[in-house]
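A.B. asks: Structure supplied as my_file_6.csv; contents: CSV, N, CA and C atoms.
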```csv
chain,number,residue,atom,x,y,z
A,1,MET,N,117.2,-174.7,-111.4
A,1,MET,CA,118.1,-174.4,-112.5
A,1,MET,C,119.6,-174.6,-112.0
A,2,GLU,N,120.4,-175.3,-112.7
A,2,GLU,CA,121.7,-175.6,-112.3
A,2,GLU,C,122.6,-174.3,-112.4
A,3,PRO,N,123.6,-174.1,-111.6
A,3,PRO,CA,124.4,-172.9,-111.6
A,3,PRO,C,125.0,-172.6,-113.0
A,4,LEU,N,125.5,-173.6,-113.7
A,4,LEU,CA,126.2,-173.4,-115.0
A,4,LEU,C,125.1,-172.9,-116.0
A,5,GLU,N,123.9,-173.4,-115.9
A,5,GLU,CA,122.9,-173.0,-116.8
A,5,GLU,C,122.5,-171.5,-116.5
A,6,TYR,N,122.4,-171.1,-115.3
A,6,TYR,CA,122.2,-169.7,-114.9
A,6,TYR,C,123.2,-168.8,-115.5
A,7,CYS,N,124.5,-169.3,-115.3
A,7,CYS,CA,125.6,-168.4,-115.8
A,7,CYS,C,125.5,-168.3,-117.3
A,8,GLN,N,125.2,-169.4,-118.0
A,8,GLN,CA,125.1,-169.3,-119.5
A,8,GLN,C,124.1,-168.3,-119.9
A,9,ARG,N,123.0,-168.2,-119.2
A,9,ARG,CA,121.9,-167.2,-119.5
A,9,ARG,C,122.2,-165.8,-119.1
A,10,TRP,N,122.9,-165.6,-118.0
A,10,TRP,CA,122.9,-164.2,-117.4
A,10,TRP,C,124.3,-163.6,-117.3
A,11,VAL,N,125.4,-164.3,-117.5
A,11,VAL,CA,126.7,-163.8,-117.4
A,11,VAL,C,127.1,-163.3,-118.8
A,12,GLU,N,127.5,-162.0,-118.9
A,12,GLU,CA,127.7,-161.5,-120.3
A,12,GLU,C,129.1,-161.7,-120.8
A,13,VAL,N,130.0,-162.2,-119.9
A,13,VAL,CA,131.4,-162.6,-120.4
A,13,VAL,C,131.3,-163.9,-121.1
A,14,PRO,N,131.8,-164.1,-122.3
A,14,PRO,CA,131.8,-165.4,-123.0
A,14,PRO,C,132.5,-166.5,-122.1
A,15,SER,N,132.0,-167.7,-122.2
A,15,SER,CA,132.5,-168.7,-121.3
A,15,SER,C,133.9,-169.2,-121.6
A,16,ASP,N,134.4,-168.8,-122.8
A,16,ASP,CA,135.8,-169.2,-123.1
A,16,ASP,C,136.8,-168.1,-122.9
A,17,GLU,N,136.3,-167.0,-122.3
A,17,GLU,CA,137.2,-165.9,-122.0
A,17,GLU,C,137.6,-165.9,-120.6
A,18,ARG,N,138.8,-165.2,-120.4
A,18,ARG,CA,139.3,-165.1,-119.0
A,18,ARG,C,138.4,-164.2,-118.2
A,19,GLY,N,138.1,-164.6,-117.0
A,19,GLY,CA,137.3,-163.9,-116.1
A,19,GLY,C,135.8,-164.4,-116.1
A,20,TYR,N,135.5,-165.4,-116.9
A,20,TYR,CA,134.2,-165.9,-116.9
A,20,TYR,C,133.8,-166.5,-115.6
A,21,ARG,N,134.7,-167.4,-115.0
A,21,ARG,CA,134.3,-168.0,-113.7
A,21,ARG,C,134.1,-167.0,-112.7
A,22,LYS,N,134.9,-166.0,-112.6
A,22,LYS,CA,134.7,-164.9,-111.6
A,22,LYS,C,133.4,-164.2,-111.8
A,23,ALA,N,133.0,-163.9,-113.0
A,23,ALA,CA,131.8,-163.2,-113.3
A,23,ALA,C,130.6,-164.2,-113.0
A,24,CYS,N,130.8,-165.5,-113.2
A,24,CYS,CA,129.8,-166.4,-112.9
A,24,CYS,C,129.5,-166.5,-111.4
A,25,VAL,N,130.6,-166.6,-110.6
A,25,VAL,CA,130.5,-166.7,-109.2
A,25,VAL,C,129.8,-165.4,-108.6
A,26,THR,N,130.2,-164.3,-109.2
A,26,THR,CA,129.6,-163.0,-108.8
A,26,THR,C,128.1,-163.0,-109.0
A,27,ALA,N,127.7,-163.5,-110.2
A,27,ALA,CA,126.3,-163.5,-110.6
A,27,ALA,C,125.5,-164.5,-109.7
A,28,LEU,N,126.1,-165.6,-109.4
A,28,LEU,CA,125.5,-166.6,-108.5
A,28,LEU,C,125.4,-166.1,-107.1
A,29,ALA,N,126.4,-165.3,-106.6
A,29,ALA,CA,126.3,-164.7,-105.3
A,29,ALA,C,125.2,-163.7,-105.2
A,30,GLU,N,125.1,-162.9,-106.2
A,30,GLU,CA,124.0,-161.9,-106.3
A,30,GLU,C,122.6,-162.6,-106.3
A,31,ALA,N,122.5,-163.6,-107.0
A,31,ALA,CA,121.2,-164.3,-107.2
A,31,ALA,C,120.8,-165.1,-105.9
A,32,THR,N,121.8,-165.6,-105.2
A,32,THR,CA,121.5,-166.5,-104.1
A,32,THR,C,121.6,-165.8,-102.7
A,33,GLY,N,122.3,-164.7,-102.7
A,33,GLY,CA,122.6,-164.1,-101.4
A,33,GLY,C,123.7,-164.7,-100.6
A,34,LEU,N,124.4,-165.7,-101.2
A,34,LEU,CA,125.5,-166.3,-100.6
A,34,LEU,C,126.8,-165.6,-100.9
A,35,SER,N,127.9,-165.9,-100.2
A,35,SER,CA,129.2,-165.2,-100.4
A,35,SER,C,129.9,-165.9,-101.6
A,36,PRO,N,130.7,-165.2,-102.4
A,36,PRO,CA,131.5,-165.8,-103.5
A,36,PRO,C,132.3,-166.9,-102.9
A,37,ARG,N,132.8,-166.8,-101.8
A,37,ARG,CA,133.7,-167.8,-101.2
A,37,ARG,C,132.9,-169.1,-101.0
A,38,THR,N,131.7,-169.0,-100.6
A,38,THR,CA,130.9,-170.2,-100.4
A,38,THR,C,130.6,-170.9,-101.8
A,39,ILE,N,130.3,-170.0,-102.8
A,39,ILE,CA,130.1,-170.6,-104.1
A,39,ILE,C,131.3,-171.2,-104.7
A,40,ASN,N,132.5,-170.6,-104.5
A,40,ASN,CA,133.7,-171.2,-105.0
A,40,ASN,C,133.9,-172.6,-104.4
A,41,ASP,N,133.4,-172.8,-103.2
A,41,ASP,CA,133.6,-174.1,-102.5
A,41,ASP,C,132.7,-175.2,-103.1
A,42,TRP,N,131.8,-174.9,-104.0
A,42,TRP,CA,131.0,-175.9,-104.7
A,42,TRP,C,131.7,-176.7,-105.7
A,43,GLY,N,132.9,-176.3,-106.1
A,43,GLY,CA,133.7,-177.0,-107.0
A,43,GLY,C,133.8,-176.3,-108.4
A,44,PRO,N,134.7,-176.8,-109.3
A,44,PRO,CA,134.9,-176.1,-110.5
A,44,PRO,C,133.7,-176.0,-111.4
A,45,ASN,N,132.8,-177.0,-111.4
A,45,ASN,CA,131.5,-177.0,-112.2
A,45,ASN,C,130.3,-176.8,-111.3
A,46,PHE,N,130.5,-176.4,-110.0
A,46,PHE,CA,129.5,-176.2,-109.1
A,46,PHE,C,128.7,-177.5,-108.8
A,47,GLU,N,129.4,-178.6,-108.9
A,47,GLU,CA,128.7,-179.9,-108.7
A,47,GLU,C,128.4,-180.2,-107.2
A,48,ARG,N,129.0,-179.5,-106.3
A,48,ARG,CA,128.7,-179.7,-104.9
A,48,ARG,C,127.7,-178.7,-104.3
A,49,ARG,N,127.0,-178.1,-105.2
A,49,ARG,CA,126.0,-177.0,-104.7
A,49,ARG,C,124.9,-177.7,-103.9
A,50,PRO,N,124.3,-177.0,-103.0
A,50,PRO,CA,123.2,-177.5,-102.2
A,50,PRO,C,121.9,-177.6,-103.1
A,51,SER,N,121.1,-178.5,-102.8
A,51,SER,CA,119.9,-178.7,-103.7
A,51,SER,C,118.9,-177.5,-103.7
A,52,GLN,N,118.8,-176.8,-102.6
A,52,GLN,CA,117.9,-175.7,-102.6
A,52,GLN,C,118.3,-174.5,-103.5
A,53,VAL,N,119.6,-174.5,-103.9
A,53,VAL,CA,120.1,-173.5,-104.8
A,53,VAL,C,119.4,-173.6,-106.2
A,54,LEU,N,119.0,-174.8,-106.6
A,54,LEU,CA,118.3,-175.0,-107.9
A,54,LEU,C,117.0,-174.2,-107.9
A,55,HIS,N,116.3,-174.2,-106.8
A,55,HIS,CA,115.0,-173.5,-106.7
A,55,HIS,C,115.3,-172.0,-106.7
A,56,VAL,N,116.2,-171.5,-105.9
A,56,VAL,CA,116.5,-170.1,-105.9
A,56,VAL,C,117.0,-169.6,-107.2
A,57,LEU,N,117.8,-170.3,-107.9
A,57,LEU,CA,118.3,-169.9,-109.2
A,57,LEU,C,117.2,-169.9,-110.3
A,58,ARG,N,116.2,-170.8,-110.2
A,58,ARG,CA,115.1,-170.8,-111.1
A,58,ARG,C,114.2,-169.5,-110.9
A,59,MET,N,114.0,-169.2,-109.6
A,59,MET,CA,113.2,-168.0,-109.3
A,59,MET,C,114.0,-166.7,-109.8
A,60,ALA,N,115.3,-166.7,-109.6
A,60,ALA,CA,116.1,-165.5,-110.0
A,60,ALA,C,116.0,-165.4,-111.5
A,61,ASP,N,116.1,-166.6,-112.2
A,61,ASP,CA,116.0,-166.6,-113.7
A,61,ASP,C,114.6,-166.0,-114.1
A,62,MET,N,113.6,-166.4,-113.5
A,62,MET,CA,112.2,-165.9,-113.9
A,62,MET,C,112.2,-164.4,-113.6
A,63,LEU,N,112.7,-163.9,-112.5
A,63,LEU,CA,112.7,-162.5,-112.3
A,63,LEU,C,113.5,-161.7,-113.3
A,64,ASN,N,114.7,-162.3,-113.7
A,64,ASN,CA,115.5,-161.6,-114.7
A,64,ASN,C,114.7,-161.6,-116.0
A,65,GLN,N,114.0,-162.6,-116.4
A,65,GLN,CA,113.3,-162.6,-117.6
A,65,GLN,C,112.2,-161.6,-117.6
A,66,ILE,N,111.5,-161.5,-116.5
A,66,ILE,CA,110.4,-160.4,-116.3
A,66,ILE,C,111.0,-159.0,-116.4
A,67,ARG,N,112.1,-158.8,-115.8
A,67,ARG,CA,112.8,-157.5,-115.8
A,67,ARG,C,113.1,-157.2,-117.3
A,68,LYS,N,113.6,-158.1,-118.0
A,68,LYS,CA,114.1,-157.9,-119.4
A,68,LYS,C,112.9,-157.6,-120.3
A,69,ILE,N,111.7,-158.2,-120.0
A,69,ILE,CA,110.6,-157.9,-120.8
A,69,ILE,C,109.8,-156.7,-120.4
A,70,VAL,N,109.6,-156.4,-119.2
A,70,VAL,CA,108.8,-155.4,-118.7
A,70,VAL,C,109.4,-154.0,-118.4
A,71,LEU,N,110.6,-154.0,-117.9
A,71,LEU,CA,111.2,-152.8,-117.5
A,71,LEU,C,111.9,-152.1,-118.7
A,72,PRO,N,111.9,-150.8,-118.7
A,72,PRO,CA,112.6,-150.1,-119.8
A,72,PRO,C,114.1,-150.2,-119.6
A,73,PRO,N,114.8,-150.1,-120.7
A,73,PRO,CA,116.3,-150.3,-120.6
A,73,PRO,C,117.0,-149.4,-119.7
A,74,ASP,N,116.5,-148.2,-119.5
A,74,ASP,CA,117.1,-147.2,-118.6
A,74,ASP,C,116.7,-147.3,-117.2
A,75,TYR,N,115.9,-148.3,-116.8
A,75,TYR,CA,115.4,-148.4,-115.5
A,75,TYR,C,116.5,-148.9,-114.6
A,76,PRO,N,116.7,-148.3,-113.4
A,76,PRO,CA,117.8,-148.7,-112.5
A,76,PRO,C,117.7,-150.1,-112.1
A,77,GLN,N,118.8,-150.9,-112.2
A,77,GLN,CA,118.7,-152.3,-111.9
A,77,GLN,C,118.9,-152.7,-110.4
A,78,LYS,N,119.4,-151.7,-109.7
A,78,LYS,CA,119.7,-152.0,-108.2
A,78,LYS,C,119.2,-150.9,-107.4
```
Hey, can you dump this file as structure tokens for me?
C.D. replies:
Amino acid sequence: MEPLEYCQRWVEVPSDERGYRKACVTALAEATGLSPRTINDWGPNFERRPSQVLHVLRMADMLNQIRKIVLPPDYPQK
């Protein structure tokens, strides 16, 4: 899954609002275990991301979907 697609699904800040990119970088950092600084180095549209990130983000997406379906809303997320 491409980084921008992951952000569209899981970042709650609308993409046209201020702070969206920062929220996106934070979400990608949490999903991949990489530092926000590393993710910022991928470019404005994350076009220089490593190929293995696609697999990691797809797995994170699946886990997020499972959490959304299975876990009660008041379940601690972290």
A.B. asks: Would you return as a PyMOL selection string the members of chain A that DSSP assigns to alpha helix (DSSP H) on this structure's backbone?
C.D. replies: chain A and resi 3-10+20-32+36-40+52-70
A.B. asks: State, in Å with one decimal place, the distance from atom C of Pro14 of chain A to atom CA of Pro44 of chain A.
C.D. replies: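 Taking atom C of Pro14 of chain A as the start and atom CA of Pro44 of chain A as the end point, the length is 15.2 Å.
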A.B. asks: Place a sphere of radius 5 Å on (121.4, -169.0, -108.2) in the file coordinates and name every protein, DNA or RNA residue with an atom inside or on its surface, counting all atoms listed in the file; give the answer as a list in words.
C.D. replies: Leu28, Ala31, Thr32, Val56 and Leu57 of chain A
A.B. asks: I want to know what sits within 10 Å of Arg49 of chain A, based on only C-alpha atoms, with residues of the same chain fewer than 5 positions away left out; could you give that as a ChimeraX atom specification?
C.D. replies: /A:2-3,38-43,54
A.B. asks: Mind pulling up the distance from atom N of Lys68 of chain A to atom C of Ser35 of chain A?
C.D. replies: 24.4 Å
A.B. asks: What is the atom CA of Ile66 of chain A-atom CA of Leu34 of chain A distance in Å, reported with one decimal?
C.D. replies: 22.6 Å
A.B. asks: Can you list, as a list of chain:residue names, every protein, DNA or RNA residue that comes within 9 Å of segment 4-7 of chain A when you count only C-alpha atoms, leaving out same-chain residues fewer than 2 positions away?
C.D. replies: A:Met1, A:Glu2, A:Arg9, A:Trp10, A:Val11, A:Glu12, A:Ser15, A:Arg21, A:Ala23, A:Cys24, A:Val25, A:Ala27, A:Leu28, A:Asn45, A:Phe46, A:Leu57, A:Arg58, A:Ala60, A:Asp61
A.B. asks: Restricting the output to N, CA and C atoms, write the selected residues as a compact mmCIF listing (two decimals), in the frame of the given file.
C.D. replies:
```
# COMPACT_ATOMS: atom_id res chain seq x y z
N MET A 1 117.20 -174.70 -111.40
CA MET A 1 118.10 -174.40 -112.50
C MET A 1 119.60 -174.60 -112.00
N GLU A 2 120.40 -175.30 -112.70
CA GLU A 2 121.70 -175.60 -112.30
C GLU A 2 122.60 -174.30 -112.40
N ARG A 9 123.00 -168.20 -119.20
CA ARG A 9 121.90 -167.20 -119.50
C ARG A 9 122.20 -165.80 -119.10
N TRP A 10 122.90 -165.60 -118.00
CA TRP A 10 122.90 -164.20 -117.40
C TRP A 10 124.30 -163.60 -117.30
N VAL A 11 125.40 -164.30 -117.50
CA VAL A 11 126.70 -163.80 -117.40
C VAL A 11 127.10 -163.30 -118.80
N GLU A 12 127.50 -162.00 -118.90
CA GLU A 12 127.70 -161.50 -120.30
C GLU A 12 129.10 -161.70 -120.80
N SER A 15 132.00 -167.70 -122.20
CA SER A 15 132.50 -168.70 -121.30
C SER A 15 133.90 -169.20 -121.60
N ARG A 21 134.70 -167.40 -115.00
CA ARG A 21 134.30 -168.00 -113.70
C ARG A 21 134.10 -167.00 -112.70
N ALA A 23 133.00 -163.90 -113.00
CA ALA A 23 131.80 -163.20 -113.30
C ALA A 23 130.60 -164.20 -113.00
N CYS A 24 130.80 -165.50 -113.20
CA CYS A 24 129.80 -166.40 -112.90
C CYS A 24 129.50 -166.50 -111.40
N VAL A 25 130.60 -166.60 -110.60
CA VAL A 25 130.50 -166.70 -109.20
C VAL A 25 129.80 -165.40 -108.60
N ALA A 27 127.70 -163.50 -110.20
CA ALA A 27 126.30 -163.50 -110.60
C ALA A 27 125.50 -164.50 -109.70
N LEU A 28 126.10 -165.60 -109.40
CA LEU A 28 125.50 -166.60 -108.50
C LEU A 28 125.40 -166.10 -107.10
N ASN A 45 132.80 -177.00 -111.40
CA ASN A 45 131.50 -177.00 -112.20
C ASN A 45 130.30 -176.80 -111.30
N PHE A 46 130.50 -176.40 -110.00
CA PHE A 46 129.50 -176.20 -109.10
C PHE A 46 128.70 -177.50 -108.80
N LEU A 57 117.80 -170.30 -107.90
CA LEU A 57 118.30 -169.90 -109.20
C LEU A 57 117.20 -169.90 -110.30
N ARG A 58 116.20 -170.80 -110.20
CA ARG A 58 115.10 -170.80 -111.10
C ARG A 58 114.20 -169.50 -110.90
N ALA A 60 115.30 -166.70 -109.60
CA ALA A 60 116.10 -165.50 -110.00
C ALA A 60 116.00 -165.40 -111.50
N ASP A 61 116.10 -166.60 -112.20
CA ASP A 61 116.00 -166.60 -113.70
C ASP A 61 114.60 -166.00 -114.10
```
A.B. asks: Using the partial input, fill out segment 42-53 of chain A with all heavy atoms; write the result as a CSV table (one decimal), in the frame of the given file.
C.D. replies:
```
chain,number,residue,atom,x,y,z
A,42,TRP,N,131.8,-174.9,-104.0
A,42,TRP,CA,131.0,-175.9,-104.7
A,42,TRP,C,131.7,-176.7,-105.7
A,42,TRP,O,131.2,-177.6,-106.3
A,42,TRP,CB,129.8,-175.2,-105.4
A,42,TRP,CG,128.8,-174.6,-104.4
A,42,TRP,CD1,128.8,-174.7,-103.1
A,42,TRP,CD2,127.7,-173.7,-104.8
A,42,TRP,NE1,127.7,-173.9,-102.6
A,42,TRP,CE2,127.1,-173.3,-103.6
A,42,TRP,CE3,127.3,-173.2,-106.0
A,42,TRP,CZ2,126.0,-172.5,-103.6
A,42,TRP,CZ3,126.2,-172.3,-106.0
A,42,TRP,CH2,125.5,-172.0,-104.8
A,43,GLY,N,132.9,-176.3,-106.1
A,43,GLY,CA,133.7,-177.0,-107.0
A,43,GLY,C,133.8,-176.3,-108.4
A,43,GLY,O,133.1,-175.3,-108.6
A,44,PRO,N,134.7,-176.8,-109.3
A,44,PRO,CA,134.9,-176.1,-110.5
A,44,PRO,C,133.7,-176.0,-111.4
A,44,PRO,O,133.5,-175.1,-112.2
A,44,PRO,CB,136.0,-177.0,-111.2
A,44,PRO,CG,136.1,-178.2,-110.4
A,44,PRO,CD,135.5,-178.0,-109.1
A,45,ASN,N,132.8,-177.0,-111.4
A,45,ASN,CA,131.5,-177.0,-112.2
A,45,ASN,C,130.3,-176.8,-111.3
A,45,ASN,O,129.2,-177.2,-111.7
A,45,ASN,CB,131.4,-178.2,-113.1
A,45,ASN,CG,132.5,-178.2,-114.1
A,45,ASN,OD1,132.7,-177.2,-114.8
A,45,ASN,ND2,133.1,-179.3,-114.3
A,46,PHE,N,130.5,-176.4,-110.0
A,46,PHE,CA,129.5,-176.2,-109.1
A,46,PHE,C,128.7,-177.5,-108.8
A,46,PHE,O,127.5,-177.5,-108.4
A,46,PHE,CB,128.5,-175.1,-109.5
A,46,PHE,CG,129.2,-173.8,-109.9
A,46,PHE,CD1,129.3,-173.4,-111.3
A,46,PHE,CD2,129.9,-173.1,-109.0
A,46,PHE,CE1,129.9,-172.3,-111.7
A,46,PHE,CE2,130.5,-171.9,-109.4
A,46,PHE,CZ,130.6,-171.5,-110.7
A,47,GLU,N,129.4,-178.6,-108.9
A,47,GLU,CA,128.7,-179.9,-108.7
A,47,GLU,C,128.4,-180.2,-107.2
A,47,GLU,O,127.5,-181.0,-106.9
A,47,GLU,CB,129.6,-181.1,-109.3
A,47,GLU,CG,130.9,-181.2,-108.6
A,47,GLU,CD,132.0,-180.3,-109.1
A,47,GLU,OE1,131.8,-179.6,-110.0
A,47,GLU,OE2,133.2,-180.4,-108.6
A,48,ARG,N,129.0,-179.5,-106.3
A,48,ARG,CA,128.7,-179.7,-104.9
A,48,ARG,C,127.7,-178.7,-104.3
A,48,ARG,O,127.7,-178.4,-103.1
A,48,ARG,CB,130.0,-179.7,-104.1
A,48,ARG,CG,130.9,-180.9,-104.4
A,48,ARG,CD,132.1,-181.1,-103.4
A,48,ARG,NE,132.9,-179.9,-103.3
A,48,ARG,CZ,134.0,-179.6,-104.0
A,48,ARG,NH1,134.4,-180.5,-104.9
A,48,ARG,NH2,134.7,-178.5,-103.8
A,49,ARG,N,127.0,-178.1,-105.2
A,49,ARG,CA,126.0,-177.0,-104.7
A,49,ARG,C,124.9,-177.7,-103.9
A,49,ARG,O,124.5,-178.9,-104.1
A,49,ARG,CB,125.5,-176.3,-105.9
A,49,ARG,CG,124.9,-177.2,-107.1
A,49,ARG,CD,123.5,-177.4,-106.9
A,49,ARG,NE,123.0,-178.3,-108.0
A,49,ARG,CZ,122.5,-179.5,-107.7
A,49,ARG,NH1,122.4,-180.0,-106.5
A,49,ARG,NH2,122.0,-180.3,-108.7
A,50,PRO,N,124.3,-177.0,-103.0
A,50,PRO,CA,123.2,-177.5,-102.2
A,50,PRO,C,121.9,-177.6,-103.1
A,50,PRO,O,121.8,-176.8,-104.0
A,50,PRO,CB,122.9,-176.5,-101.1
A,50,PRO,CG,124.0,-175.4,-101.2
A,50,PRO,CD,124.8,-175.7,-102.5
A,51,SER,N,121.1,-178.5,-102.8
A,51,SER,CA,119.9,-178.7,-103.7
A,51,SER,C,118.9,-177.5,-103.7
A,51,SER,O,118.3,-177.3,-104.7
A,51,SER,CB,119.2,-180.0,-103.3
A,51,SER,OG,118.7,-179.9,-102.0
A,52,GLN,N,118.8,-176.8,-102.6
A,52,GLN,CA,117.9,-175.7,-102.6
A,52,GLN,C,118.3,-174.5,-103.5
A,52,GLN,O,117.5,-173.7,-103.9
A,52,GLN,CB,117.7,-175.1,-101.2
A,52,GLN,CG,118.8,-174.5,-100.5
A,52,GLN,CD,119.7,-175.4,-99.7
A,52,GLN,OE1,119.7,-176.6,-99.9
A,52,GLN,NE2,120.5,-174.8,-98.8
A,53,VAL,N,119.6,-174.5,-103.9
A,53,VAL,CA,120.1,-173.5,-104.8
A,53,VAL,C,119.4,-173.6,-106.2
A,53,VAL,O,119.1,-172.6,-106.8
A,53,VAL,CB,121.6,-173.6,-105.0
A,53,VAL,CG1,122.1,-172.8,-106.2
A,53,VAL,CG2,122.3,-173.1,-103.7
```
